[in-house]
>>> print(open('data_2.cif').read())   # mmCIF, C-alpha atoms
data_data
loop_
_atom_site.label_atom_id
_atom_site.label_comp_id
_atom_site.auth_asym_id
_atom_site.auth_seq_id
_atom_site.Cartn_x
_atom_site.Cartn_y
_atom_site.Cartn_z
CA MET T 20 15.70 -7.54 16.38
CA THR T 21 13.51 -6.82 13.38
CA GLU T 22 15.21 -7.83 10.15
CA TRP T 23 15.29 -5.56 7.14
CA GLU T 24 17.22 -4.99 3.95
CA ILE T 25 16.93 -2.57 1.06
CA ARG T 26 18.59 -3.77 -2.12
CA GLY T 27 19.75 -1.41 -4.84
CA GLY T 28 18.86 -2.08 -8.46
CA ASP T 29 15.96 -2.78 -10.78
CA CYS T 30 13.22 -4.71 -8.98
CA LEU T 31 12.62 -6.96 -11.99
CA ASP T 32 16.18 -8.24 -11.72
CA LEU T 33 16.25 -8.30 -7.92
CA MET T 34 13.03 -10.28 -7.53
CA LYS T 35 14.53 -13.05 -9.65
CA GLU T 36 16.99 -13.62 -6.80
CA LEU T 37 14.14 -14.50 -4.41
CA SER T 38 12.71 -17.96 -3.86
CA ALA T 39 9.23 -18.71 -5.13
CA ASP T 40 6.38 -18.49 -2.61
CA SER T 41 8.53 -16.61 -0.09
CA VAL T 42 6.72 -13.29 0.50
CA ASP T 43 3.64 -12.77 2.67
CA LEU T 44 2.66 -9.28 1.51
CA ILE T 45 3.72 -7.00 -1.32
CA MET T 46 2.80 -3.40 -0.56
CA THR T 47 3.95 -0.89 -3.14
CA SER T 48 3.27 2.29 -5.04
CA PRO T 49 4.86 2.02 -8.49
CA PRO T 50 5.76 5.18 -10.40
CA TYR T 51 2.69 6.69 -11.98
CA ALA T 52 2.70 7.12 -15.75
CA ASP T 53 4.94 9.96 -16.97
CA GLN T 54 6.04 10.68 -13.38
CA ARG T 55 9.53 10.55 -11.79
CA LYS T 56 11.22 10.72 -15.21
CA SER T 57 14.67 11.35 -13.74
CA THR T 58 14.39 8.26 -11.52
CA TYR T 59 12.24 5.66 -13.26
CA GLY T 60 12.29 6.89 -16.84
CA GLY T 61 8.77 8.29 -16.95
CA ILE T 62 6.72 5.44 -18.41
CA HIS T 63 4.29 6.70 -21.04
CA PRO T 64 0.65 5.79 -20.26
CA ASP T 65 0.34 3.88 -23.54
CA LYS T 66 3.39 1.78 -22.61
CA TYR T 67 2.58 1.30 -18.93
CA VAL T 68 1.06 -2.17 -19.14
CA GLU T 69 3.95 -3.39 -21.29
CA TRP T 70 6.38 -2.13 -18.63
CA TRP T 71 4.32 -3.47 -15.70
CA LYS T 72 3.44 -6.96 -16.94
CA PRO T 73 6.83 -8.69 -16.37
CA ILE T 74 7.03 -7.09 -12.92
CA ALA T 75 3.57 -8.42 -12.03
CA ILE T 76 4.53 -11.89 -13.24
CA GLU T 77 7.61 -11.89 -11.02
CA MET T 78 5.63 -10.66 -8.03
CA GLN T 79 3.18 -13.49 -8.63
CA ARG T 80 6.06 -15.97 -8.48
CA VAL T 81 7.56 -14.74 -5.20
CA LEU T 82 4.25 -14.20 -3.38
CA LYS T 83 2.98 -17.06 -1.25
CA PRO T 84 -0.26 -18.65 -2.51
CA THR T 85 -1.96 -17.23 0.60
CA GLY T 86 -0.29 -13.84 0.25
CA THR T 87 -1.62 -10.48 -0.92
CA LEU T 88 -0.49 -7.74 -3.29
CA ILE T 89 -1.57 -4.13 -2.67
CA VAL T 90 -0.87 -1.57 -5.41
CA ASN T 91 -1.34 2.13 -4.63
CA ILE T 92 -1.91 3.89 -7.95
CA LYS T 93 -4.03 6.53 -9.68
CA GLU T 94 -4.76 7.31 -13.31
CA LYS T 95 -3.29 10.53 -14.65
CA VAL T 96 -5.10 13.04 -16.83
CA VAL T 97 -4.10 13.08 -20.50
CA ALA T 98 -5.63 15.57 -22.92
CA GLY T 99 -8.40 16.47 -20.50
CA GLU T 100 -9.52 12.95 -19.54
CA ARG T 101 -8.39 10.14 -17.27
CA HIS T 102 -6.16 7.67 -19.07
CA ILE T 103 -7.24 4.03 -18.80
CA TYR T 104 -3.80 2.52 -18.20
CA VAL T 105 -4.77 1.39 -14.68
CA MET T 106 -7.84 -0.39 -16.05
CA ASP T 107 -5.66 -1.99 -18.70
CA MET T 108 -3.17 -3.00 -16.00
CA ILE T 109 -5.93 -4.73 -14.01
CA ARG T 110 -7.15 -6.53 -17.12
CA SER T 111 -3.63 -7.68 -17.96
CA MET T 112 -3.06 -9.01 -14.45
CA ARG T 113 -6.31 -10.96 -14.50
CA GLU T 114 -5.29 -12.49 -17.80
CA SER T 115 -2.05 -13.59 -16.12
CA GLY T 116 -3.92 -15.38 -13.34
CA TRP T 117 -4.21 -12.68 -10.69
CA LEU T 118 -7.52 -12.26 -8.86
CA TRP T 119 -8.63 -8.65 -8.41
CA THR T 120 -10.13 -9.24 -4.98
CA GLU T 121 -10.96 -5.73 -3.80
CA GLU T 122 -10.34 -2.04 -4.23
CA TYR T 123 -9.66 0.25 -1.28
CA ILE T 124 -9.92 4.01 -1.51
CA TRP T 125 -7.40 6.17 0.30
CA HIS T 126 -9.24 9.42 1.04
CA LYS T 127 -6.62 12.12 1.50
CA ARG T 128 -7.97 14.40 4.21
CA ASN T 129 -5.56 17.21 3.38
CA CYS T 130 -5.47 17.00 -0.41
CA THR T 131 -3.70 19.75 -2.33
CA PRO T 132 -5.95 22.72 -3.17
CA GLY T 133 -6.55 23.42 -6.83
CA LYS T 134 -9.04 24.43 -9.50
CA TRP T 135 -9.55 23.01 -12.97
CA PRO T 136 -12.19 23.92 -15.57
CA ASN T 137 -13.46 20.34 -15.92
CA ARG T 138 -12.95 18.62 -12.54
CA PHE T 139 -12.43 19.17 -8.81
CA ARG T 140 -9.33 18.69 -6.68
CA ASP T 141 -8.05 15.14 -6.36
CA SER T 142 -8.72 13.81 -2.85
CA PHE T 143 -8.35 10.04 -3.27
CA GLU T 144 -6.07 7.34 -4.59
CA ARG T 145 -6.72 3.68 -5.27
CA CYS T 146 -5.22 0.74 -3.40
CA LEU T 147 -5.84 -2.32 -5.57
CA HIS T 148 -5.96 -5.68 -3.81
CA PHE T 149 -4.80 -8.77 -5.74
CA ASN T 150 -4.39 -12.42 -4.79
CA CYS T 151 -3.19 -15.62 -6.44
CA GLN T 152 -6.12 -17.66 -5.13
CA ARG T 153 -9.50 -17.16 -3.49
CA LYS T 154 -8.38 -18.36 -0.05
CA PHE T 155 -5.75 -16.03 1.39
CA THR T 156 -4.51 -14.87 4.79
CA MET T 157 -6.51 -12.01 6.29
CA TYR T 158 -6.73 -10.82 9.92
CA GLN T 159 -9.81 -8.60 9.94
CA ASP T 160 -9.91 -8.19 13.73
CA ALA T 161 -6.51 -6.49 13.60
CA VAL T 162 -7.99 -3.40 11.92
CA ARG T 163 -11.22 -3.01 13.88
CA GLU T 164 -12.18 0.61 14.63
CA PRO T 165 -13.89 2.30 17.62
CA VAL T 166 -17.64 2.14 17.19
CA GLY T 167 -18.03 5.89 17.76
CA ASN T 168 -19.89 8.11 20.22
CA TRP T 169 -23.19 7.75 18.37
CA ALA T 170 -23.68 4.18 19.54
CA ALA T 171 -24.40 4.81 23.25
CA LYS T 172 -27.20 7.27 22.53
CA ARG T 173 -28.66 5.21 19.71
CA MET T 174 -28.65 1.94 21.68
CA ASP T 175 -30.63 3.57 24.51
CA LYS T 176 -33.62 4.04 22.20
CA LEU T 177 -34.11 0.72 20.43
CA SER T 178 -37.53 0.17 18.90
CA ASP T 179 -39.14 -3.20 18.27
CA ASN T 180 -37.97 -3.01 14.65
CA ASP T 181 -34.43 -2.33 15.86
CA ARG T 182 -34.42 -5.66 17.71
CA GLN T 183 -35.06 -7.76 14.62
CA ARG T 184 -33.73 -7.91 11.11
CA THR T 185 -35.44 -5.24 9.05
CA GLU T 186 -35.26 -5.39 5.27
CA SER T 187 -34.31 -2.29 3.32
CA ALA T 188 -37.33 -0.23 2.29
CA VAL T 189 -35.93 0.19 -1.23
CA GLY T 190 -36.08 -3.52 -1.96
CA SER T 191 -32.33 -3.99 -2.30
CA GLY T 192 -32.36 -7.29 -0.42
CA PHE T 193 -30.12 -5.89 2.32
CA GLY T 194 -31.24 -5.56 5.92
CA ARG T 195 -29.99 -4.90 9.42
CA ASN T 196 -30.62 -5.61 13.07
CA VAL T 197 -29.59 -2.49 14.98
CA SER T 198 -29.51 -4.34 18.31
CA ASN T 199 -26.50 -6.31 17.10
CA TRP T 200 -24.44 -3.17 17.71
CA ALA T 201 -25.29 -3.07 21.42
CA GLY T 202 -22.31 -3.58 23.72
CA ARG T 203 -19.73 -3.30 20.94
CA ASP T 204 -16.67 -1.12 21.41
CA THR T 205 -15.22 -1.76 17.97
CA VAL T 206 -16.51 -2.52 14.48
CA TYR T 207 -15.05 -3.62 11.15
CA PRO T 208 -13.96 -0.77 8.88
CA THR T 209 -15.16 0.01 5.37
CA ASN T 210 -12.98 -0.08 2.27
CA VAL T 211 -12.47 3.70 2.43
CA LEU T 212 -9.40 4.74 4.46
CA HIS T 213 -9.39 8.33 5.71
CA MET T 214 -5.77 9.44 6.18
CA ALA T 215 -3.84 12.64 5.65
CA THR T 216 -0.99 12.70 3.17
CA GLU T 217 2.65 12.68 4.31
CA CYS T 218 3.47 16.23 5.40
CA SER T 219 7.00 15.81 6.80
CA ASN T 220 10.08 15.81 4.60
CA VAL T 221 11.00 12.16 4.07
CA GLY T 222 13.15 12.83 1.01
CA HIS T 223 10.58 11.70 -1.55
CA SER T 224 8.02 13.77 -3.43
CA ALA T 225 5.32 11.08 -3.49
CA ALA T 226 5.56 9.27 -0.15
CA TYR T 227 2.37 7.92 1.30
CA PRO T 228 1.79 8.20 5.09
CA VAL T 229 3.11 5.41 7.31
CA GLY T 230 -0.44 4.68 8.41
CA LEU T 231 -1.43 3.48 4.94
CA PRO T 232 0.97 0.51 4.60
CA LYS T 233 0.66 -0.14 8.35
CA TRP T 234 -3.11 -0.73 7.95
CA PHE T 235 -2.56 -3.31 5.20
CA ILE T 236 0.35 -4.91 7.07
CA LYS T 237 -1.90 -5.44 10.09
CA LEU T 238 -4.69 -6.80 7.89
CA PHE T 239 -2.67 -9.31 5.87
CA THR T 240 0.35 -10.32 7.98
CA GLN T 241 1.45 -11.35 11.46
CA ALA T 242 4.64 -10.72 13.43
CA GLY T 243 7.69 -12.15 11.67
CA ASP T 244 6.07 -12.27 8.23
CA LEU T 245 7.92 -10.88 5.23
CA VAL T 246 6.77 -7.65 3.56
CA LEU T 247 8.19 -6.69 0.16
CA ASP T 248 8.13 -3.29 -1.54
CA PRO T 249 9.75 -3.47 -4.99
CA PHE T 250 9.54 0.35 -5.31
CA SER T 251 10.81 1.21 -1.86
CA GLY T 252 11.30 4.94 -2.44
CA SER T 253 11.80 6.66 0.92
CA GLY T 254 11.19 3.40 2.78
CA THR T 255 7.77 4.18 4.23
CA THR T 256 6.55 0.59 3.82
CA GLY T 257 9.68 -0.54 5.64
CA VAL T 258 9.05 1.88 8.49
CA ALA T 259 5.53 0.49 8.91
CA ALA T 260 6.72 -3.12 8.68
CA ILE T 261 9.42 -2.64 11.33
CA GLN T 262 7.06 -0.81 13.67
CA GLU T 263 4.66 -3.75 13.41
CA GLY T 264 7.35 -6.39 14.02
CA ARG T 265 7.53 -7.73 10.46
CA ARG T 266 10.56 -8.46 8.31
CA TYR T 267 11.07 -6.09 5.40
CA LEU T 268 12.72 -6.29 2.01
CA GLY T 269 12.82 -3.17 -0.14
CA MET T 270 14.12 -2.65 -3.66
CA GLU T 271 15.10 0.70 -5.12
CA LYS T 272 17.04 1.75 -8.23
CA SER T 273 17.65 5.38 -7.22
CA ALA T 274 20.88 5.96 -5.31
CA GLU T 275 19.36 8.99 -3.56
CA TYR T 276 16.27 7.11 -2.43
CA LEU T 277 18.49 4.28 -1.24
CA ARG T 278 20.33 6.77 0.96
CA VAL T 279 17.07 8.23 2.25
CA SER T 280 15.37 4.93 3.02
CA ARG T 281 18.40 3.29 4.61
CA SER T 282 18.94 6.37 6.75
CA ARG T 283 15.32 6.29 7.94
CA LEU T 284 15.49 2.64 8.92
CA ASP T 285 18.99 2.94 10.41
CA THR T 286 18.01 5.88 12.60
CA GLY T 287 14.85 4.40 14.04
CA CYS T 288 12.44 5.14 11.19
CA ILE T 289 12.51 8.92 11.55
CA PRO T 290 12.78 11.30 8.56
CA PRO T 291 16.46 11.63 7.54
CA PRO T 292 18.32 14.93 7.47
CA PRO T 293 18.45 16.82 4.16
CA ARG T 294 21.06 15.58 1.74
CA ASP T 295 24.41 17.35 1.96
CA PRO T 296 25.36 18.31 -1.63
CA ASN T 297 29.05 18.25 -0.62
CA ILE T 298 28.92 14.54 0.17
CA GLU T 299 29.25 12.19 -2.77
CA GLU T 300 26.65 9.49 -3.29
CA ASP T 301 27.60 5.89 -2.60
CA GLU T 302 28.84 4.59 -5.95
CA ASN T 303 28.14 1.01 -4.97
CA PRO T 304 24.65 0.90 -3.44
CA LEU T 305 24.49 -2.85 -3.98
CA GLY T 306 27.33 -3.25 -1.50
CA TYR T 307 25.31 -1.88 1.41
CA ILE T 308 23.82 -4.21 4.00
CA GLY T 309 21.89 -2.78 6.96
CA ILE T 310 20.58 -5.64 9.08
CA LEU T 311 21.14 -8.78 7.09
CA PHE T 312 17.92 -9.98 5.54
CA GLY T 313 17.10 -13.50 6.66
CA ASP T 314 19.89 -13.59 9.26
CA ASP T 315 18.53 -15.20 12.45
CA ASP T 316 21.26 -13.55 14.49
#
>>> encode(input="data_2.cif", output="structure tokens")
Amino acid sequence: MTEWEIRGGDCLDLMKELSADSVDLIMTSPPYADQRKSTYGGIHPDKYVEWWKPIAIEMQRVLKPTGTLIVNIKEKVVAGERHIYVMDMIRSMRESGWLWTEEYIWHKRNCTPGKWPNRFRDSFERCLHFNCQRKFTMYQDAVREPVGNWAAKRMDKLSDNDRQRTESAVGSGFGRNVSNWAGRDTVYPTNVLHMATECSNVGHSAAYPVGLPKWFIKLFTQAGDLVLDPFSGSGTTGVAAIQEGRRYLGMEKSAEYLRVSRSRLDTGCIPPPPRDPNIEEDENPLGYIGILFGDDD
């Protein structure tokens, strides 16, 4: 049985209960600046790094040296321009010893329509990839993609140049040998992930689709590894982890999101029913235990 637990409380306090070097992957989407004020307090952009830094330090402690941290985040617009708090956050983490290894772009296929006088509708979010050291665990073959229908037709018409490495005509230093694609059914993906946003009601206004954490879970973990989400929200990371046979530990300070996420995982990872306003919230969310985390039974 897949093991999971969602603990109630502030993640900064809860992570201090974990052993050092115990987590294989941290996949999370922290509250964006000035968002979710009723739940997380609505951190002002100018104060975001100050709020984030101790959390990042604690994540660095609990993450295995070979582990990975993925942060889904996007700058908000303040006074007509993008605030730089995410850039400042990256700089602060690097100063604390984190390596900013890569940046993935989540292209939202079904982004919300809109019109602004100085920009177009927002169709992407960032997934920032951090590590504690240069050598880390990564299973690239686990996320290979179908090569596509173009390959069969293209491979039937290989020229002499296609059968040898040909340098780029623009002098970039890059080159390719098209014949290397022959006979391949799958290829490695790019760092742009094309996925629709979450459309079903999962009890959270900013839930990412299950496919997003699932892609990173496949890439950076194996069966039985531990995935942590310190901002568990509706439990989407947990759903993905369980579906992929990983252990999951979530942390959430909102009593309502605790109810939502525990219900999803308890009922087979499906969206929970709408909250009944006539039923009182659990006054002791810390007392809940679903499937005991770390229990071999």
>>> resolve_selection(input="data_2.cif", expression="the PyMOL selection byres ((chain T and resi 148) around 6)", output="PyMOL selection string")
chain T and resi 88-89+120-122+147+149
>>> write_last_selection(input="data_2.cif", atoms="C-alpha atoms", output="mmCIF file, keeping the file's coordinate frame")
data_model
loop_
_atom_site.group_PDB
_atom_site.id
_atom_site.type_symbol
_atom_site.label_atom_id
_atom_site.label_comp_id
_atom_site.auth_asym_id
_atom_site.auth_seq_id
_atom_site.Cartn_x
_atom_site.Cartn_y
_atom_site.Cartn_z
ATOM 1 C CA LEU T 88 -0.490 -7.740 -3.290
ATOM 2 C CA ILE T 89 -1.570 -4.130 -2.670
ATOM 3 C CA THR T 120 -10.130 -9.240 -4.980
ATOM 4 C CA GLU T 121 -10.960 -5.730 -3.800
ATOM 5 C CA GLU T 122 -10.340 -2.040 -4.230
ATOM 6 C CA LEU T 147 -5.840 -2.320 -5.570
ATOM 7 C CA PHE T 149 -4.800 -8.770 -5.740
#
>>> resolve_selection(input="data_2.cif", expression="the PyMOL selection byres ((chain T and resi 27-39) around 6)", output="PyMOL selection string")
chain T and resi 26+40-41+74+80-81+249+270-272+304-305
>>> atom_distance(input="data_2.cif", atom1="atom CA of T:Gly133", atom2="atom CA of T:Tyr227")
19.6 Å
>>> residues_around(input="data_2.cif", residues="stretch 254-261 of chain T", least_positions_apart="6", cutoff="6 Å", atoms="only C-alpha atoms", output="list in words")
Val229, Pro232, Lys233, Tyr267, Ser280 and Cys288 of chain T
>>> resolve_selection(input="data_2.cif", expression="the PyMOL selection byres ((chain T and resi 243) around 6)", output="PyMOL selection string")
chain T and resi 242+244+265-266
>>> residues_near_point(input="data_2.cif", point="(1.8, -22.3, 3.3)", cutoff="12 Å", atoms="only C-alpha atoms", output="PyMOL selection string")
chain T and resi 39-43+82-86+154-156+244
>>> residues_around(input="data_2.cif", residues="T:Asn129", least_positions_apart="4", cutoff="8 Å", atoms="only C-alpha atoms", output="list in words")
Ser142, Ala215 and Thr216 of chain T
>>> write_last_selection(input="data_2.cif", atoms="C-alpha atoms", output="CSV table (one decimal), in the frame of the given file")
chain,number,residue,atom,x,y,z
T,142,SER,CA,-8.7,13.8,-2.8
T,215,ALA,CA,-3.8,12.6,5.6
T,216,THR,CA,-1.0,12.7,3.2
>>> residues_near_point(input="data_2.cif", point="(-7.6, -1.4, 6.3)", cutoff="9 Å", atoms="only C-alpha atoms", output="ChimeraX atom specification")
/T:123,159,161-163,208-212,231-238
>>> write_last_selection(input="data_2.cif", atoms="C-alpha atoms", output="PDB file, in the frame of the given file")
ATOM      1  CA  TYR T 123      -9.660   0.250  -1.280  1.00  0.00           C
ATOM      2  CA  GLN T 159      -9.810  -8.600   9.940  1.00  0.00           C
ATOM      3  CA  ALA T 161      -6.510  -6.490  13.600  1.00  0.00           C
ATOM      4  CA  VAL T 162      -7.990  -3.400  11.920  1.00  0.00           C
ATOM      5  CA  ARG T 163     -11.220  -3.010  13.880  1.00  0.00           C
ATOM      6  CA  PRO T 208     -13.960  -0.770   8.880  1.00  0.00           C
ATOM      7  CA  THR T 209     -15.160   0.010   5.370  1.00  0.00           C
ATOM      8  CA  ASN T 210     -12.980  -0.080   2.270  1.00  0.00           C
ATOM      9  CA  VAL T 211     -12.470   3.700   2.430  1.00  0.00           C
ATOM     10  CA  LEU T 212      -9.400   4.740   4.460  1.00  0.00           C
ATOM     11  CA  LEU T 231      -1.430   3.480   4.940  1.00  0.00           C
ATOM     12  CA  PRO T 232       0.970   0.510   4.600  1.00  0.00           C
ATOM     13  CA  LYS T 233       0.660  -0.140   8.350  1.00  0.00           C
ATOM     14  CA  TRP T 234      -3.110  -0.730   7.950  1.00  0.00           C
ATOM     15  CA  PHE T 235      -2.560  -3.310   5.200  1.00  0.00           C
ATOM     16  CA  ILE T 236       0.350  -4.910   7.070  1.00  0.00           C
ATOM     17  CA  LYS T 237      -1.900  -5.440  10.090  1.00  0.00           C
ATOM     18  CA  LEU T 238      -4.690  -6.800   7.890  1.00  0.00           C
TER      19      LEU T 238
END
>>> atom_distance(input="data_2.cif", atom1="atom CA of T:Met46", atom2="atom CA of T:Arg140")
25.9 Å
>>> closest_residue(input="data_2.cif", among="T:Asn91, T:Asp107, T:Ser282, T:Glu24", to="T:Lys66", atoms="only C-alpha atoms")
T:Asp107
>>> atom_distance(input="data_2.cif", atom1="atom CA of T:Ala75", atom2="atom CA of T:Val279")
25.8 Å
>>> closest_residue(input="data_2.cif", among="T:Asn137, T:Ser115, T:Thr87, T:Gln79", to="T:Arg101", atoms="all atoms listed in the file")
T:Asn137
>>> residues_around(input="data_2.cif", residues="T:Pro49", least_positions_apart="6", cutoff="8 Å", atoms="all atoms listed in the file", output="number ranges by chain")
T: 90-92, 250
